[in-house]
Amino acid sequence: MKSRSLLLGCLLYAFTPLAFAAEKADQVPRGDLRNGEFSTSQIYPDTTRSYRVYVPKQYRADQPANLMVFMDGLNYANPKGAFRVPAVFDELIHAGEMPITIAVFVNPGKVPATKDGAKGRSNRSFEYDSLGDRYANFLIDEFLPVALEGLNVSDNPADRAVCGISSGGICAFTVAWEKPEQFGKVMSHIGSFTNIRGGWAYPGLIRKTKAEPKPIKVYLQEGKDDLNNLHGNWPLANQDMAAALQFAGYNYKFVMTDGGHSGRWGGKELPNALRWLWSDDSESTQFPPTSTKPPWKPHPDAVRQAGVPEGKIIEMPDWESKIFPKTIREWAIYVPAQYDADHPAALMIFQDGERMRKLDGRWRIPIVFDNLIARNEMPPTIAVFINPGDDNTKKKRNRRPSNRSFEYDSLGERYVRFLLEEIIPEVKKNYVISDDPNMHAIGGSSSGAICAFTAAWERPDYFRKVYSSVGSFTNLRGGNIYPSLVRKTEPKPIRVYMADTSGDVDNAFGSWPWSNRLLASALQYMGYDIRFDWAEGYAHNADYGSSRFPEAMKWLWRDEQHTPTLDTSGDLGGDLTLLNLLVPGESWELVADEVGFADALCADSKGNVYFCDMREPMVYKIDAKSGDHTKIAAVAVSGLEFGPNGLLYACQGSKQQVISINPVTGDTKVVADGVRPNDLAVTSDGQIFITETKAQHVTRIDSKTGEKTVVDEGINRPNGIALSNDGGTLAVSEHGGRYTWMFRVNPDGTLDAKMPSMTLRLPIDYKGEFRFNSPPPRLNVARGDGMAVDSKGRYYVTSQLGVQIFDPTGRPCGVLPKPRKDQPLTTCILGGIDHSTLYIAHGKQIYRRKLTVD
């Protein structure tokens, strides 16, 4: 066994012995436990953290010990806590049931406040929930050389483990995933493999390693009543992880216990978990396949019934697409017997249309439609049965169409554009279709199902109803992201029916059963009109879906108005879900139209809102009570904010100056020149922070003297800027990247503790390459712009996708899509009498919407 001693660098620490409980009568040797503080990280600058080191009594300096590192460490080390790791180690090491192991218990970092009245900032989520090697590098390169100074620890990864709970659990997995040459064992308790900061991606990544699994051994404990909140469904996410580990051939153990988001149940299992983790003969959990072949017979409504008028199927000429060039496809139209050109018909489109319209197949959709329409259980509906595209340069033959996966599994708007711009106009040449989006449905099975969902997700203004059977919400081309997107996007007005079974496929691209359950759970959490039919057994075929299809159509086309039932009981105290922010029935309301170009929103203490029409140019005031518009000053400015003296401060980049504006008289004065400001934030003592986008500077200006000091460099085109409510944190968005950065503001106006704490969601690049078994292509910039902070401490950042909202620690809460895709979104502010109405500057318009901020 190779070994080495980890040496002390130039960092200092202090150890303090702790008091130990009295030894038991059996005289089990008790290890030593020491305290330390670490505050010299360069990877997480200006953070401080507590830690402890446990050294077993059996440790000998001439023999390298094993190592186990615990995130949220002081909870694991607590002698009165749920885990009591030192006592458990004492017992197991003494009994020879685990090797001699040094334990390091490390807490997450925090950024202490330096300004009076400001609060410190927790760095836990940024450190623990982020994917990538940042935290692993922190442990290996910075922290452990200090914590283990003077101790002889094995450098064999098989002798080294990482452990954590909740976000610490995913952190432990990330460390081993990124550095398997350092840590070969992982223990996760109620791990957060959800969308706090992208952890949903792990099952897909794990499956891609099947040919060469990483040399890590993984223990997962989860509680059956764990969280279901804005970030995800913990029990489903952990089971999806287990399924991925099993598929890829990892040595893993999955234990589902009673209980919820607590260490209590993981603590009870800890001795057995450690025995399994450190044993050389540990067996993996094996969930057997559940696919079955129950007898199938058609639903009564899929059988011809006497006296029911029959619609007709019209075979259409093969279609050559422009949106999918060099493809050709077969398609047909079903016209119900009750169709009347004087009464616009409903519309439903089916992917993989040929097999879904066969009268002797599983689906028999024309027969089902005949029966249901005749009984008025669905409206007269024209159905379009369309096949995926095939290469038009080859002779047709009986095979799978060549363009199916690209068209169906790709995210984005390409396929729905094909329908809206090519197919539906062709249908309308001969048939009258309702303009009501609630009368438009789309459906499919397998990849055709995710295609249907994507069409409605991208264009809910046209499709409001979705039918999905055994939907491929997996990593064929990035569809495994949908459960996470749903939970963190303003709910869309779509009704969704889903069917799946436990015997559905599990392969290199995902587990269909877990993926469908994850999506259904997300839709239910967000209050969608969702029905999910589930059965044990079956397989990836049409047997179960077709047997439920008539009932699905009755439900999907019912007249009942959906009233959302929202359950946010799974959200913890710091979880700021969109569901508690949005006001039911409220949406964007137009406040100002025909503006030349709107920018520079700000609000005063009474909630009156100010903005600039940069092309007029003019600064306007919108009265919080009456909504009246008043002209303030005839200037063009790109950033606007009140100072403590009652003056407005504003950016004039084209004139290379910051000015003040008297909101009563409209008089302006130059505060500082020789700068190119884009946006600004003003402190309670009159210091002005500006972003200089082209120079990539954040600059501080003394509003009294005009003195200028560059306080940060290097952010990729810094743009929006905002101070936390207590003034202790400054946030800066970047227009040329995907981050919003956080700084600590010190009493002297200097900035430090710089970290990219908020990650902006990137738009899909519809012109990019949609690769198989890969995430969808995305633009490389989010175009972060103006920013606002509400009374709860949320950050609102405008971007190309819309208003992206983050909690005070930088965790994404969700996105409010912008009202108009054809207009830029430059900035936002909280205004109105109670400062709970969000205003946005949206190109030629100003919009607002009421929120429940508190």
# chains A, B, ... in the order shown; residues from 1 in each chain; ligands from 1

$ residues_around --residues "Asn678 (chain A)" --least-positions-apart "5" --cutoff "6 Å" --atoms "only C-alpha atoms" --output "PDB file with all heavy atoms, in the first residue's frame"
ATOM      1  N   SER A 638     -28.867  55.114 -18.850  1.00  0.00           N
ATOM      2  CA  SER A 638     -29.014  53.655 -18.894  1.00  0.00           C
ATOM      3  C   SER A 638     -29.081  53.027 -17.513  1.00  0.00           C
ATOM      4  O   SER A 638     -29.356  51.834 -17.390  1.00  0.00           O
ATOM      5  CB  SER A 638     -27.845  53.027 -19.657  1.00  0.00           C
ATOM      6  OG  SER A 638     -26.614  53.316 -19.007  1.00  0.00           O
ATOM      7  N   THR A 691     -20.998  49.777 -13.270  1.00  0.00           N
ATOM      8  CA  THR A 691     -20.395  48.780 -14.160  1.00  0.00           C
ATOM      9  C   THR A 691     -19.913  49.499 -15.415  1.00  0.00           C
ATOM     10  O   THR A 691     -20.644  50.277 -16.021  1.00  0.00           O
ATOM     11  CB  THR A 691     -21.403  47.692 -14.544  1.00  0.00           C
ATOM     12  OG1 THR A 691     -22.599  48.288 -15.061  1.00  0.00           O
ATOM     13  CG2 THR A 691     -21.752  46.832 -13.339  1.00  0.00           C
ATOM     14  N   GLU A 692     -18.667  49.241 -15.781  1.00  0.00           N
ATOM     15  CA  GLU A 692     -18.132  49.744 -17.050  1.00  0.00           C
ATOM     16  C   GLU A 692     -17.959  48.510 -17.948  1.00  0.00           C
ATOM     17  O   GLU A 692     -16.975  47.785 -17.850  1.00  0.00           O
ATOM     18  CB  GLU A 692     -16.804  50.462 -16.813  1.00  0.00           C
ATOM     19  CG  GLU A 692     -16.956  51.713 -15.951  1.00  0.00           C
ATOM     20  CD  GLU A 692     -15.696  52.555 -15.944  1.00  0.00           C
ATOM     21  OE1 GLU A 692     -15.470  53.306 -16.921  1.00  0.00           O
ATOM     22  OE2 GLU A 692     -14.926  52.437 -14.969  1.00  0.00           O
TER      23      GLU A 692
END

$ select_by_dssp --residues "region 154-376 of chain A" --states "strand (DSSP E or B)" --output "ChimeraX atom specification"
/A:154,160-165,185-189,217-223,228-229,232-233,251-257,312-320,327-335,340,343,345-351

$ select_by_dssp --residues "region 420-483 of chain A" --states "alpha helix (DSSP H)" --output "PyMOL selection string"
chain A and resi 424-428+447-458+482-483

$ write_last_selection --atoms "N, CA and C atoms" --output "short mmCIF file (atom, residue, chain, number, x, y, z; two decimals), in the first residue's frame"
data_model
loop_
_atom_site.label_atom_id
_atom_site.label_comp_id
_atom_site.auth_asym_id
_atom_site.auth_seq_id
_atom_site.Cartn_x
_atom_site.Cartn_y
_atom_site.Cartn_z
N ILE A 424 -49.85 22.75 -40.38
CA ILE A 424 -51.17 23.29 -40.02
C ILE A 424 -51.72 24.23 -41.09
N PRO A 425 -50.90 25.11 -41.69
CA PRO A 425 -51.44 25.92 -42.80
C PRO A 425 -51.97 25.06 -43.95
N GLU A 426 -51.34 23.91 -44.19
CA GLU A 426 -51.82 23.02 -45.26
C GLU A 426 -53.18 22.42 -44.88
N VAL A 427 -53.33 22.06 -43.61
CA VAL A 427 -54.62 21.54 -43.15
C VAL A 427 -55.71 22.60 -43.29
N LYS A 428 -55.35 23.83 -42.95
CA LYS A 428 -56.34 24.91 -42.97
C LYS A 428 -56.79 25.29 -44.37
N SER A 447 -40.66 8.58 -28.03
CA SER A 447 -40.07 9.85 -28.47
C SER A 447 -41.12 10.78 -29.03
N GLY A 448 -42.20 10.24 -29.60
CA GLY A 448 -43.29 11.09 -30.07
C GLY A 448 -43.98 11.81 -28.94
N ALA A 449 -43.90 11.24 -27.71
CA ALA A 449 -44.53 11.87 -26.55
C ALA A 449 -43.73 13.07 -26.07
N ILE A 450 -42.40 12.91 -25.95
CA ILE A 450 -41.61 14.08 -25.53
C ILE A 450 -41.69 15.16 -26.60
N CYS A 451 -41.80 14.75 -27.86
CA CYS A 451 -41.97 15.72 -28.94
C CYS A 451 -43.24 16.53 -28.73
N ALA A 452 -44.33 15.85 -28.37
CA ALA A 452 -45.59 16.54 -28.12
C ALA A 452 -45.47 17.50 -26.95
N PHE A 453 -44.82 17.05 -25.87
CA PHE A 453 -44.65 17.92 -24.71
C PHE A 453 -43.81 19.14 -25.07
N THR A 454 -42.74 18.92 -25.82
CA THR A 454 -41.88 20.03 -26.21
C THR A 454 -42.64 21.06 -27.04
N ALA A 455 -43.50 20.60 -27.94
CA ALA A 455 -44.27 21.52 -28.78
C ALA A 455 -45.15 22.42 -27.91
N ALA A 456 -45.84 21.83 -26.93
CA ALA A 456 -46.70 22.64 -26.06
C ALA A 456 -45.88 23.51 -25.11
N TRP A 457 -44.75 22.98 -24.65
CA TRP A 457 -43.88 23.76 -23.74
C TRP A 457 -43.36 25.02 -24.45
N GLU A 458 -42.96 24.86 -25.70
CA GLU A 458 -42.42 26.00 -26.44
C GLU A 458 -43.52 26.95 -26.92
N TYR A 482 -36.30 18.14 -18.28
CA TYR A 482 -37.65 18.69 -18.15
C TYR A 482 -38.18 18.78 -16.72
N PRO A 483 -38.04 17.74 -15.88
CA PRO A 483 -38.57 17.90 -14.51
C PRO A 483 -37.98 19.11 -13.79
#

$ residues_around --residues "region 682-687 of chain A" --least-positions-apart "2" --cutoff "6 Å" --atoms "only C-alpha atoms" --output "short mmCIF file (atom, residue, chain, number, x, y, z; two decimals) with N, CA, C and O atoms, in the first residue's frame"
data_model
loop_
_atom_site.label_atom_id
_atom_site.label_comp_id
_atom_site.auth_asym_id
_atom_site.auth_seq_id
_atom_site.Cartn_x
_atom_site.Cartn_y
_atom_site.Cartn_z
N GLY A 643 -30.25 58.15 -4.39
CA GLY A 643 -29.25 58.18 -3.35
C GLY A 643 -29.88 58.57 -2.03
O GLY A 643 -31.06 58.94 -1.96
N PRO A 644 -29.12 58.51 -0.94
CA PRO A 644 -29.67 58.83 0.39
C PRO A 644 -30.06 60.29 0.53
O PRO A 644 -30.82 60.64 1.45
N ILE A 701 -17.47 55.31 -7.09
CA ILE A 701 -17.40 56.77 -7.21
C ILE A 701 -17.90 57.39 -5.90
O ILE A 701 -18.96 57.02 -5.40
N ASP A 702 -17.15 58.32 -5.38
CA ASP A 702 -17.61 59.11 -4.23
C ASP A 702 -18.55 60.19 -4.74
O ASP A 702 -18.14 61.06 -5.52
N SER A 703 -19.82 60.11 -4.35
CA SER A 703 -20.80 61.05 -4.90
C SER A 703 -20.55 62.49 -4.48
O SER A 703 -21.03 63.42 -5.12
#

$ atom_distance --atom1 "CA of Ala341 (chain A)" --atom2 "CA of Met378 (chain A)"
17.6 Å
